[in-house]
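K.L.:
Data file my_file.pdb (PDB, C-alpha atoms) is appended below.
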ATOM      1  CA  MET A 697     -71.739  41.302  83.172  1.00  0.00           C
ATOM      2  CA  ALA A 698     -72.401  38.017  81.364  1.00  0.00           C
ATOM      3  CA  GLU A 699     -71.624  34.896  83.352  1.00  0.00           C
ATOM      4  CA  LYS A 700     -70.699  31.389  82.380  1.00  0.00           C
ATOM      5  CA  LYS A 701     -72.492  28.639  84.245  1.00  0.00           C
ATOM      6  CA  ILE A 702     -72.350  24.872  84.297  1.00  0.00           C
ATOM      7  CA  VAL A 703     -75.597  22.868  84.407  1.00  0.00           C
ATOM      8  CA  ASP A 704     -74.736  19.368  85.552  1.00  0.00           C
ATOM      9  CA  GLY A 705     -77.282  16.949  84.074  1.00  0.00           C
ATOM     10  CA  ARG A 706     -74.970  13.944  84.125  1.00  0.00           C
ATOM     11  CA  GLY A 707     -76.649  10.653  84.974  1.00  0.00           C
ATOM     12  CA  SER A 708     -80.137  11.934  84.152  1.00  0.00           C
ATOM     13  CA  PHE A 709     -82.157  10.768  81.165  1.00  0.00           C
ATOM     14  CA  CYS A 710     -84.216  12.778  78.669  1.00  0.00           C
ATOM     15  CA  PRO A 711     -85.834  15.224  79.324  1.00  0.00           C
ATOM     16  CA  GLY A 712     -84.020  15.687  82.664  1.00  0.00           C
ATOM     17  CA  PRO A 713     -81.008  17.675  81.351  1.00  0.00           C
ATOM     18  CA  LEU A 714     -83.313  19.894  79.245  1.00  0.00           C
ATOM     19  CA  MET A 715     -85.482  20.652  82.277  1.00  0.00           C
ATOM     20  CA  GLU A 716     -82.385  21.466  84.323  1.00  0.00           C
ATOM     21  CA  LEU A 717     -81.234  23.837  81.576  1.00  0.00           C
ATOM     22  CA  ILE A 718     -84.621  25.578  81.544  1.00  0.00           C
ATOM     23  CA  VAL A 719     -84.568  26.049  85.329  1.00  0.00           C
ATOM     24  CA  ALA A 720     -81.037  27.500  85.032  1.00  0.00           C
ATOM     25  CA  LEU A 721     -82.047  29.783  82.137  1.00  0.00           C
ATOM     26  CA  LYS A 722     -84.879  31.226  84.215  1.00  0.00           C
ATOM     27  CA  ALA A 723     -82.376  32.152  86.910  1.00  0.00           C
ATOM     28  CA  SER A 724     -79.919  33.684  84.398  1.00  0.00           C
ATOM     29  CA  GLN A 725     -79.473  37.072  82.757  1.00  0.00           C
ATOM     30  CA  ILE A 726     -79.579  37.803  79.039  1.00  0.00           C
ATOM     31  CA  GLY A 727     -76.122  37.172  77.609  1.00  0.00           C
ATOM     32  CA  ASP A 728     -75.187  34.477  80.125  1.00  0.00           C
ATOM     33  CA  GLU A 729     -73.643  31.328  78.711  1.00  0.00           C
ATOM     34  CA  LEU A 730     -74.773  27.968  80.039  1.00  0.00           C
ATOM     35  CA  GLU A 731     -72.914  24.746  79.483  1.00  0.00           C
ATOM     36  CA  VAL A 732     -75.024  21.627  80.008  1.00  0.00           C
ATOM     37  CA  LEU A 733     -73.185  18.427  80.905  1.00  0.00           C
ATOM     38  CA  SER A 734     -75.100  15.328  79.867  1.00  0.00           C
ATOM     39  CA  THR A 735     -74.357  11.620  79.675  1.00  0.00           C
ATOM     40  CA  ASP A 736     -77.590  11.095  77.736  1.00  0.00           C
ATOM     41  CA  LYS A 737     -77.060  11.194  73.974  1.00  0.00           C
ATOM     42  CA  GLY A 738     -80.745  11.871  73.333  1.00  0.00           C
ATOM     43  CA  SER A 739     -80.443  15.114  75.293  1.00  0.00           C
ATOM     44  CA  ALA A 740     -77.366  16.105  73.302  1.00  0.00           C
ATOM     45  CA  ASN A 741     -79.519  15.909  70.163  1.00  0.00           C
ATOM     46  CA  ASP A 742     -82.652  17.353  71.677  1.00  0.00           C
ATOM     47  CA  ILE A 743     -81.297  20.392  73.556  1.00  0.00           C
ATOM     48  CA  PRO A 744     -79.944  22.222  70.437  1.00  0.00           C
ATOM     49  CA  GLU A 745     -83.290  21.534  68.753  1.00  0.00           C
ATOM     50  CA  TRP A 746     -85.145  23.073  71.703  1.00  0.00           C
ATOM     51  CA  VAL A 747     -82.785  26.069  71.803  1.00  0.00           C
ATOM     52  CA  ARG A 748     -83.406  26.811  68.119  1.00  0.00           C
ATOM     53  CA  LYS A 749     -87.127  26.364  68.535  1.00  0.00           C
ATOM     54  CA  VAL A 750     -87.531  28.792  71.424  1.00  0.00           C
ATOM     55  CA  GLY A 751     -84.994  31.290  70.094  1.00  0.00           C
ATOM     56  CA  HIS A 752     -81.984  31.233  72.396  1.00  0.00           C
ATOM     57  CA  GLU A 753     -78.521  31.024  70.857  1.00  0.00           C
ATOM     58  CA  TYR A 754     -77.003  27.590  70.369  1.00  0.00           C
ATOM     59  CA  ILE A 755     -73.220  27.787  70.502  1.00  0.00           C
ATOM     60  CA  SER A 756     -71.689  24.304  70.387  1.00  0.00           C
ATOM     61  CA  THR A 757     -71.735  20.648  71.344  1.00  0.00           C
ATOM     62  CA  THR A 758     -68.637  18.637  72.144  1.00  0.00           C
ATOM     63  CA  GLU A 759     -68.212  15.144  73.508  1.00  0.00           C
ATOM     64  CA  GLU A 760     -65.510  14.086  75.877  1.00  0.00           C
ATOM     65  CA  ALA A 761     -65.256  10.669  77.569  1.00  0.00           C
ATOM     66  CA  GLY A 762     -68.983   9.963  77.270  1.00  0.00           C
ATOM     67  CA  VAL A 763     -70.054  13.407  78.476  1.00  0.00           C
ATOM     68  CA  TRP A 764     -71.690  15.866  76.088  1.00  0.00           C
ATOM     69  CA  HIS A 765     -71.097  19.574  76.671  1.00  0.00           C
ATOM     70  CA  ILE A 766     -73.869  21.652  75.094  1.00  0.00           C
ATOM     71  CA  THR A 767     -73.334  25.402  75.259  1.00  0.00           C
ATOM     72  CA  VAL A 768     -76.162  27.874  74.956  1.00  0.00           C
ATOM     73  CA  ARG A 769     -76.488  31.660  75.335  1.00  0.00           C
ATOM     74  CA  LYS A 770     -79.602  33.207  76.835  1.00  0.00           C
ATOM     75  CA  THR A 771     -80.921  35.797  74.403  1.00  0.00           C
ATOM     76  CA  LYS A 772     -84.249  36.833  75.888  1.00  0.00           C
TER
ATOM     77  CA  MET Y1231     -92.300  29.571  67.867  1.00  0.00           C
ATOM     78  CA  SER Y1232     -95.168  27.193  67.353  1.00  0.00           C
ATOM     79  CA  THR Y1233     -98.475  28.052  68.900  1.00  0.00           C
ATOM     80  CA  SER Y1234    -100.313  24.798  68.232  1.00  0.00           C
ATOM     81  CA  LYS Y1235    -102.145  23.263  71.136  1.00  0.00           C
ATOM     82  CA  ILE Y1236    -101.340  19.830  72.572  1.00  0.00           C
ATOM     83  CA  CYS Y1237    -104.059  17.986  74.467  1.00  0.00           C
ATOM     84  CA  VAL Y1238    -102.896  14.962  76.436  1.00  0.00           C
ATOM     85  CA  VAL Y1239    -105.472  12.471  77.714  1.00  0.00           C
ATOM     86  CA  VAL Y1240    -104.037  10.085  80.303  1.00  0.00           C
ATOM     87  CA  VAL Y1241    -106.100   7.096  81.373  1.00  0.00           C
ATOM     88  CA  SER Y1242    -103.444   4.482  82.088  1.00  0.00           C
ATOM     89  CA  GLY Y1243    -101.819   4.019  85.485  1.00  0.00           C
ATOM     90  CA  THR Y1244     -98.756   2.199  84.171  1.00  0.00           C
ATOM     91  CA  LEU Y1245     -95.275   3.684  84.405  1.00  0.00           C
ATOM     92  CA  GLU Y1246     -94.445   3.716  80.700  1.00  0.00           C
ATOM     93  CA  ARG Y1247     -97.619   5.551  79.709  1.00  0.00           C
ATOM     94  CA  LEU Y1248     -97.532   8.028  82.597  1.00  0.00           C
ATOM     95  CA  GLN Y1249     -93.875   8.721  81.774  1.00  0.00           C
ATOM     96  CA  MET Y1250     -94.510   9.283  78.063  1.00  0.00           C
ATOM     97  CA  ALA Y1251     -97.535  11.477  78.803  1.00  0.00           C
ATOM     98  CA  ALA Y1252     -95.500  13.597  81.233  1.00  0.00           C
ATOM     99  CA  MET Y1253     -92.656  13.872  78.712  1.00  0.00           C
ATOM    100  CA  VAL Y1254     -94.979  15.073  75.939  1.00  0.00           C
ATOM    101  CA  ALA Y1255     -96.652  17.524  78.328  1.00  0.00           C
ATOM    102  CA  SER Y1256     -93.441  18.947  79.776  1.00  0.00           C
ATOM    103  CA  VAL Y1257     -91.394  19.192  76.588  1.00  0.00           C
ATOM    104  CA  GLY Y1258     -94.383  20.584  74.677  1.00  0.00           C
ATOM    105  CA  ALA Y1259     -95.077  23.170  77.374  1.00  0.00           C
ATOM    106  CA  VAL Y1260     -91.477  24.372  77.670  1.00  0.00           C
ATOM    107  CA  SER Y1261     -91.292  24.654  73.882  1.00  0.00           C
ATOM    108  CA  GLY Y1262     -93.936  27.344  73.903  1.00  0.00           C
ATOM    109  CA  GLN Y1263     -96.919  25.208  73.001  1.00  0.00           C
ATOM    110  CA  GLU Y1264    -100.191  25.425  74.858  1.00  0.00           C
ATOM    111  CA  VAL Y1265    -100.615  22.136  76.734  1.00  0.00           C
ATOM    112  CA  LEU Y1266    -103.759  20.769  78.337  1.00  0.00           C
ATOM    113  CA  VAL Y1267    -103.638  17.481  80.230  1.00  0.00           C
ATOM    114  CA  PHE Y1268    -106.723  15.530  81.255  1.00  0.00           C
ATOM    115  CA  LEU Y1269    -106.163  12.909  83.969  1.00  0.00           C
ATOM    116  CA  SER Y1270    -108.762  10.205  84.319  1.00  0.00           C
ATOM    117  CA  MET Y1271    -109.269   6.501  85.109  1.00  0.00           C
ATOM    118  CA  ASN Y1272    -106.148   4.754  86.491  1.00  0.00           C
ATOM    119  CA  ALA Y1273    -103.941   7.791  85.932  1.00  0.00           C
ATOM    120  CA  LEU Y1274    -105.664  10.040  88.462  1.00  0.00           C
ATOM    121  CA  PRO Y1275    -104.964   8.101  91.690  1.00  0.00           C
ATOM    122  CA  HIS Y1276    -101.238   8.720  91.143  1.00  0.00           C
ATOM    123  CA  PHE Y1277    -101.895  12.434  91.611  1.00  0.00           C
ATOM    124  CA  ILE Y1278    -103.515  12.116  95.047  1.00  0.00           C
ATOM    125  CA  LYS Y1279    -101.274  13.843  97.607  1.00  0.00           C
ATOM    126  CA  GLY Y1280     -99.243  11.560  99.815  1.00  0.00           C
ATOM    127  CA  ARG Y1281    -100.144   8.457  97.879  1.00  0.00           C
ATOM    128  CA  ASN Y1282     -96.886   6.829  96.998  1.00  0.00           C
ATOM    129  CA  VAL Y1283     -97.998   3.693  95.237  1.00  0.00           C
ATOM    130  CA  LYS Y1284     -95.434   3.004  92.521  1.00  0.00           C
ATOM    131  CA  ALA Y1285     -96.859   2.857  89.029  1.00  0.00           C
ATOM    132  CA  PRO Y1286     -96.623  -0.739  87.790  1.00  0.00           C
ATOM    133  CA  HIS Y1287     -94.610  -1.268  84.640  1.00  0.00           C
ATOM    134  CA  GLU Y1288     -95.918  -2.921  81.491  1.00  0.00           C
ATOM    135  CA  GLY Y1289     -92.710  -4.396  80.171  1.00  0.00           C
ATOM    136  CA  GLU Y1290     -88.980  -4.246  79.716  1.00  0.00           C
ATOM    137  CA  MET Y1291     -88.639  -0.463  79.437  1.00  0.00           C
ATOM    138  CA  GLY Y1292     -90.569   0.210  82.612  1.00  0.00           C
ATOM    139  CA  ALA Y1293     -88.458  -2.289  84.509  1.00  0.00           C
ATOM    140  CA  LEU Y1294     -85.257  -0.748  83.146  1.00  0.00           C
ATOM    141  CA  MET Y1295     -86.410   2.818  83.890  1.00  0.00           C
ATOM    142  CA  SER Y1296     -87.169   1.975  87.511  1.00  0.00           C
ATOM    143  CA  GLY Y1297     -83.493   1.378  88.168  1.00  0.00           C
ATOM    144  CA  LYS Y1298     -82.181   4.470  86.362  1.00  0.00           C
ATOM    145  CA  LYS Y1299     -82.169   8.208  86.948  1.00  0.00           C
ATOM    146  CA  VAL Y1300     -85.174   8.870  84.717  1.00  0.00           C
ATOM    147  CA  PRO Y1301     -87.035  12.055  85.743  1.00  0.00           C
ATOM    148  CA  ASP Y1302     -90.077  11.157  87.836  1.00  0.00           C
ATOM    149  CA  PHE Y1303     -93.333  11.554  85.863  1.00  0.00           C
ATOM    150  CA  LYS Y1304     -94.936  13.593  88.621  1.00  0.00           C
ATOM    151  CA  THR Y1305     -91.964  15.968  88.697  1.00  0.00           C
ATOM    152  CA  LEU Y1306     -92.204  16.344  84.907  1.00  0.00           C
ATOM    153  CA  MET Y1307     -95.919  17.026  85.105  1.00  0.00           C
ATOM    154  CA  GLU Y1308     -95.282  19.686  87.758  1.00  0.00           C
ATOM    155  CA  GLN Y1309     -92.514  21.205  85.608  1.00  0.00           C
ATOM    156  CA  ALA Y1310     -94.925  21.304  82.664  1.00  0.00           C
ATOM    157  CA  VAL Y1311     -97.088  23.565  84.823  1.00  0.00           C
ATOM    158  CA  GLU Y1312     -94.349  25.555  86.584  1.00  0.00           C
ATOM    159  CA  LEU Y1313     -91.981  26.079  83.659  1.00  0.00           C
ATOM    160  CA  GLY Y1314     -94.360  25.933  80.714  1.00  0.00           C
ATOM    161  CA  ASP Y1315     -97.802  27.019  81.945  1.00  0.00           C
ATOM    162  CA  ALA Y1316     -99.440  23.695  81.089  1.00  0.00           C
ATOM    163  CA  LYS Y1317    -102.853  23.076  82.595  1.00  0.00           C
ATOM    164  CA  VAL Y1318    -103.442  19.695  84.210  1.00  0.00           C
ATOM    165  CA  TYR Y1319    -107.118  18.932  84.712  1.00  0.00           C
ATOM    166  CA  PRO Y1320    -108.352  16.159  86.967  1.00  0.00           C
ATOM    167  CA  CYS Y1321    -111.430  14.441  85.538  1.00  0.00           C
ATOM    168  CA  SER Y1322    -114.451  15.220  87.703  1.00  0.00           C
ATOM    169  CA  MET Y1323    -115.982  11.788  87.093  1.00  0.00           C
ATOM    170  CA  ALA Y1324    -112.795  10.014  88.259  1.00  0.00           C
ATOM    171  CA  MET Y1325    -112.705  12.264  91.341  1.00  0.00           C
ATOM    172  CA  ASP Y1326    -116.289  11.333  92.188  1.00  0.00           C
ATOM    173  CA  VAL Y1327    -115.582   7.618  91.810  1.00  0.00           C
ATOM    174  CA  LEU Y1328    -112.440   7.897  93.958  1.00  0.00           C
ATOM    175  CA  GLY Y1329    -114.245  10.080  96.495  1.00  0.00           C
ATOM    176  CA  VAL Y1330    -111.549  12.765  96.454  1.00  0.00           C
ATOM    177  CA  ASP Y1331    -111.803  16.556  96.561  1.00  0.00           C
ATOM    178  CA  GLN Y1332    -109.597  19.203  94.984  1.00  0.00           C
ATOM    179  CA  HIS Y1333    -107.511  19.566  98.163  1.00  0.00           C
ATOM    180  CA  ASP Y1334    -106.696  15.828  98.086  1.00  0.00           C
ATOM    181  CA  LEU Y1335    -104.938  16.265  94.752  1.00  0.00           C
ATOM    182  CA  GLU Y1336    -101.470  17.672  94.017  1.00  0.00           C
ATOM    183  CA  ASN Y1337    -101.505  21.475  94.171  1.00  0.00           C
ATOM    184  CA  TYR Y1338    -100.431  21.987  90.574  1.00  0.00           C
ATOM    185  CA  LEU Y1339    -103.612  20.387  89.234  1.00  0.00           C
ATOM    186  CA  THR Y1340    -106.348  22.798  88.194  1.00  0.00           C
ATOM    187  CA  GLU Y1341    -109.966  22.576  89.248  1.00  0.00           C
ATOM    188  CA  ALA Y1342    -111.996  19.478  88.365  1.00  0.00           C
ATOM    189  CA  THR Y1343    -113.075  19.418  84.761  1.00  0.00           C
ATOM    190  CA  GLY Y1344    -115.703  17.429  82.956  1.00  0.00           C
ATOM    191  CA  LEU Y1345    -115.389  15.891  79.534  1.00  0.00           C
ATOM    192  CA  THR Y1346    -117.700  18.452  77.993  1.00  0.00           C
ATOM    193  CA  LYS Y1347    -115.345  21.312  78.801  1.00  0.00           C
ATOM    194  CA  PHE Y1348    -112.219  19.354  77.953  1.00  0.00           C
ATOM    195  CA  LEU Y1349    -113.577  18.247  74.578  1.00  0.00           C
ATOM    196  CA  ASP Y1350    -114.501  21.818  73.844  1.00  0.00           C
ATOM    197  CA  ASP Y1351    -111.006  23.042  74.807  1.00  0.00           C
ATOM    198  CA  ALA Y1352    -109.382  20.230  72.791  1.00  0.00           C
ATOM    199  CA  ARG Y1353    -111.425  20.853  69.657  1.00  0.00           C
ATOM    200  CA  ASP Y1354    -108.726  22.839  67.872  1.00  0.00           C
ATOM    201  CA  GLY Y1355    -105.664  20.987  69.146  1.00  0.00           C
ATOM    202  CA  GLN Y1356    -103.701  17.784  68.624  1.00  0.00           C
ATOM    203  CA  VAL Y1357    -104.929  15.040  70.948  1.00  0.00           C
ATOM    204  CA  TRP Y1358    -102.482  12.536  72.423  1.00  0.00           C
ATOM    205  CA  THR Y1359    -103.886   9.625  74.376  1.00  0.00           C
ATOM    206  CA  PHE Y1360    -101.964   7.506  76.857  1.00  0.00           C
TER
END
Since I need it in another form, could you write the structure as structure tokens?

P.N.:
Amino acid sequence: MAEKKIVDGRGSFCPGPLMELIVALKASQIGDELEVLSTDKGSANDIPEWVRKVGHEYISTTEEAGVWHITVRKTK
Amino acid sequence: MSTSKICVVVVSGTLERLQMAAMVASVGAVSGQEVLVFLSMNALPHFIKGRNVKAPHEGEMGALMSGKKVPDFKTLMEQAVELGDAKVYPCSMAMDVLGVDQHDLENYLTEATGLTKFLDDARDGQVWTF
């Protein structure tokens, strides 16, 4: 059963939120959806790039009140 | 996925350079690239266990980073190893000068390595120097 998880990287600077996402991905199952919260704009640009590079599924990025929400699905 | 090799040579003991080196190593390693790090000169003492001397900053960025939640360079270097299989080699010459053994260094460092081996390993990779 696929889960949806929040990875709270708010307050941390690049590459902190990316590293937190990777730790969370390792502890997740294929199909799980992870939503990274980041206040660092660099991470909002960099995380989708990383996801495409390593071959997970990038779903979306939205910004709300200075917080970026980057959603990713684990595919392998 | 890229398979190119990244070789990072760190000789500086200043915050900005250690930080950038650890960022290149960790992001490269978690992106599926082979990463080799060689720690020598003023960089190596920062990786002696229990030695908590803060890395001095060179300028404005280092001063700004010290007050913000920037990931610690040692944590990033450890994550490069734990999450991305990077290899972090302490320079055997620097260890001799400092008078430290393998067990004095952080556990995620590999065995002492000389320049001859590192240069051989780095021959077919990109080399980044900090």

K.L.:
Please, which residues of chain A lie no more than 9 Å from chain Y when the count uses all atoms listed in the file, and can they be set out as a PDB file with C-alpha atoms, in the coordinates of the input?

P.N.:
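Just written: out.pdb:
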ATOM      1  CA  GLY A 707     -76.649  10.653  84.974  1.00  0.00           C
ATOM      2  CA  SER A 708     -80.137  11.934  84.152  1.00  0.00           C
ATOM      3  CA  PHE A 709     -82.157  10.768  81.165  1.00  0.00           C
ATOM      4  CA  CYS A 710     -84.216  12.778  78.669  1.00  0.00           C
ATOM      5  CA  PRO A 711     -85.834  15.224  79.324  1.00  0.00           C
ATOM      6  CA  GLY A 712     -84.020  15.687  82.664  1.00  0.00           C
ATOM      7  CA  LEU A 714     -83.313  19.894  79.245  1.00  0.00           C
ATOM      8  CA  MET A 715     -85.482  20.652  82.277  1.00  0.00           C
ATOM      9  CA  ILE A 718     -84.621  25.578  81.544  1.00  0.00           C
ATOM     10  CA  VAL A 719     -84.568  26.049  85.329  1.00  0.00           C
ATOM     11  CA  LYS A 722     -84.879  31.226  84.215  1.00  0.00           C
ATOM     12  CA  TRP A 746     -85.145  23.073  71.703  1.00  0.00           C
ATOM     13  CA  VAL A 747     -82.785  26.069  71.803  1.00  0.00           C
ATOM     14  CA  LYS A 749     -87.127  26.364  68.535  1.00  0.00           C
ATOM     15  CA  VAL A 750     -87.531  28.792  71.424  1.00  0.00           C
ATOM     16  CA  GLY A 751     -84.994  31.290  70.094  1.00  0.00           C
TER      17      GLY A 751
END

K.L.:
Which polymer residues have any atom within 9 Å of an atom of Met1323 (chain Y), counting all atoms listed in the file, with same-chain residues fewer than 3 positions away left out, as a list of chain:residue names?

P.N.:
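Close residues of Met1323 (chain Y): Y:Ser1270, Y:Met1271, Y:Pro1320, Y:Asp1326, Y:Val1327, Y:Leu1328, Y:Ala1342, Y:Thr1343, Y:Gly1344, Y:Leu1345.
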
K.L.:
What do you get, as JSON, numbers by chain, if you spell out every residue that the PyMOL selection byres ((chain A and resi 769) around 6) selects here?

P.N.:
{"A": [727, 728, 729, 753, 768, 770]}

K.L.:
For the structure provided, state which residues fall under the PyMOL selection byres ((chain A and resi 741) around 12), and present them as a ChimeraX atom specification.

P.N.:
/A:710-711,713-714,734-740,742-748,754,756-759,764-766

K.L.:
Compare Y:Leu1269, Y:Cys1321, Y:Leu1245, Y:Met1307 by their minimum atom-to-atom distance to Gly1289 (chain Y), counting only C-alpha atoms, and give me the closest one.

P.N.:
Y:Leu1245

K.L.:
When you look at Tyr1338 (chain Y) with a cut-off of 8 Å (counting all atoms listed in the file), what residues show up, excluding the ones that are within fewer than 6 positions of it in the same chain? I need them as a ChimeraX atom specification.

P.N.:
/Y:1308,1311,1318

K.L.:
When you draw a straight line from CA of Ala1316 (chain Y) to CA of Ser724 (chain A), how long is it in Å?

P.N.:
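If I compute the distance from CA of Ala1316 (chain Y) to CA of Ser724 (chain A), I get 22.2 Å.
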
K.L.:
Which residues, written as a PDB file with C-alpha atoms, keeping the file's coordinate frame, have at least one atom at most 12 Å from Phe1360 (chain Y), with all atoms listed in the file counted and residues fewer than 6 positions away on the same chain left out?

P.N.:
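Resulting contents of around09.pdb:
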ATOM      1  CA  CYS Y1237    -104.059  17.986  74.467  1.00  0.00           C
ATOM      2  CA  VAL Y1238    -102.896  14.962  76.436  1.00  0.00           C
ATOM      3  CA  VAL Y1239    -105.472  12.471  77.714  1.00  0.00           C
ATOM      4  CA  VAL Y1240    -104.037  10.085  80.303  1.00  0.00           C
ATOM      5  CA  VAL Y1241    -106.100   7.096  81.373  1.00  0.00           C
ATOM      6  CA  SER Y1242    -103.444   4.482  82.088  1.00  0.00           C
ATOM      7  CA  GLY Y1243    -101.819   4.019  85.485  1.00  0.00           C
ATOM      8  CA  THR Y1244     -98.756   2.199  84.171  1.00  0.00           C
ATOM      9  CA  LEU Y1245     -95.275   3.684  84.405  1.00  0.00           C
ATOM     10  CA  GLU Y1246     -94.445   3.716  80.700  1.00  0.00           C
ATOM     11  CA  ARG Y1247     -97.619   5.551  79.709  1.00  0.00           C
ATOM     12  CA  LEU Y1248     -97.532   8.028  82.597  1.00  0.00           C
ATOM     13  CA  GLN Y1249     -93.875   8.721  81.774  1.00  0.00           C
ATOM     14  CA  MET Y1250     -94.510   9.283  78.063  1.00  0.00           C
ATOM     15  CA  ALA Y1251     -97.535  11.477  78.803  1.00  0.00           C
ATOM     16  CA  ALA Y1252     -95.500  13.597  81.233  1.00  0.00           C
ATOM     17  CA  MET Y1253     -92.656  13.872  78.712  1.00  0.00           C
ATOM     18  CA  VAL Y1254     -94.979  15.073  75.939  1.00  0.00           C
ATOM     19  CA  ALA Y1255     -96.652  17.524  78.328  1.00  0.00           C
ATOM     20  CA  VAL Y1267    -103.638  17.481  80.230  1.00  0.00           C
ATOM     21  CA  PHE Y1268    -106.723  15.530  81.255  1.00  0.00           C
ATOM     22  CA  LEU Y1269    -106.163  12.909  83.969  1.00  0.00           C
ATOM     23  CA  SER Y1270    -108.762  10.205  84.319  1.00  0.00           C
ATOM     24  CA  MET Y1271    -109.269   6.501  85.109  1.00  0.00           C
ATOM     25  CA  ASN Y1272    -106.148   4.754  86.491  1.00  0.00           C
ATOM     26  CA  ALA Y1273    -103.941   7.791  85.932  1.00  0.00           C
TER      27      ALA Y1273
END

K.L.:
Evaluated on this file, the PyMOL selection byres ((chain A and resi 704) around 8) picks out some residues - which ones are they, written as a ChimeraX atom specification?

P.N.:
/A:702-703,705-706,713,732-734

K.L.:
Return the padded bounding box of region 742-760 of chain A as AutoDock Vina command-line options: axis-aligned, built from all atoms listed in the file, 6 Å added on each side, with centre and edge lengths in Å to one decimal.

P.N.:
--center_x -76.5 --center_y 22.7 --center_z 72.0 --size_x 34.0 --size_y 29.2 --size_z 19.8

K.L.:
Can you tell me how far CA of Glu1264 (chain Y) sits from CA of Asp1354 (chain Y), in Å to one decimal?

P.N.:
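The value is 11.3 Å.
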
K.L.:
If I take CA of Lys701 (chain A) and CA of Asp1315 (chain Y), how far is one from the other in Å, to one decimal?

P.N.:
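Those two atoms sit 25.5 Å apart.
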
K.L.:
Using all atoms listed in the file, find the one residue out of A:Leu730, A:Ile755, A:Met697, A:Ala761 that sits nearest to Leu717 (chain A).

P.N.:
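So, comparing all the options, the nearest one is A:Leu730.
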
K.L.:
Could you tell me which of Y:Thr1346, Y:Thr1340, Y:Gln1332, Y:Ser1234 comes closest to Lys1317 (chain Y) if we count all atoms listed in the file?

P.N.:
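The answer is Y:Thr1340, which sits nearest to Lys1317 (chain Y).
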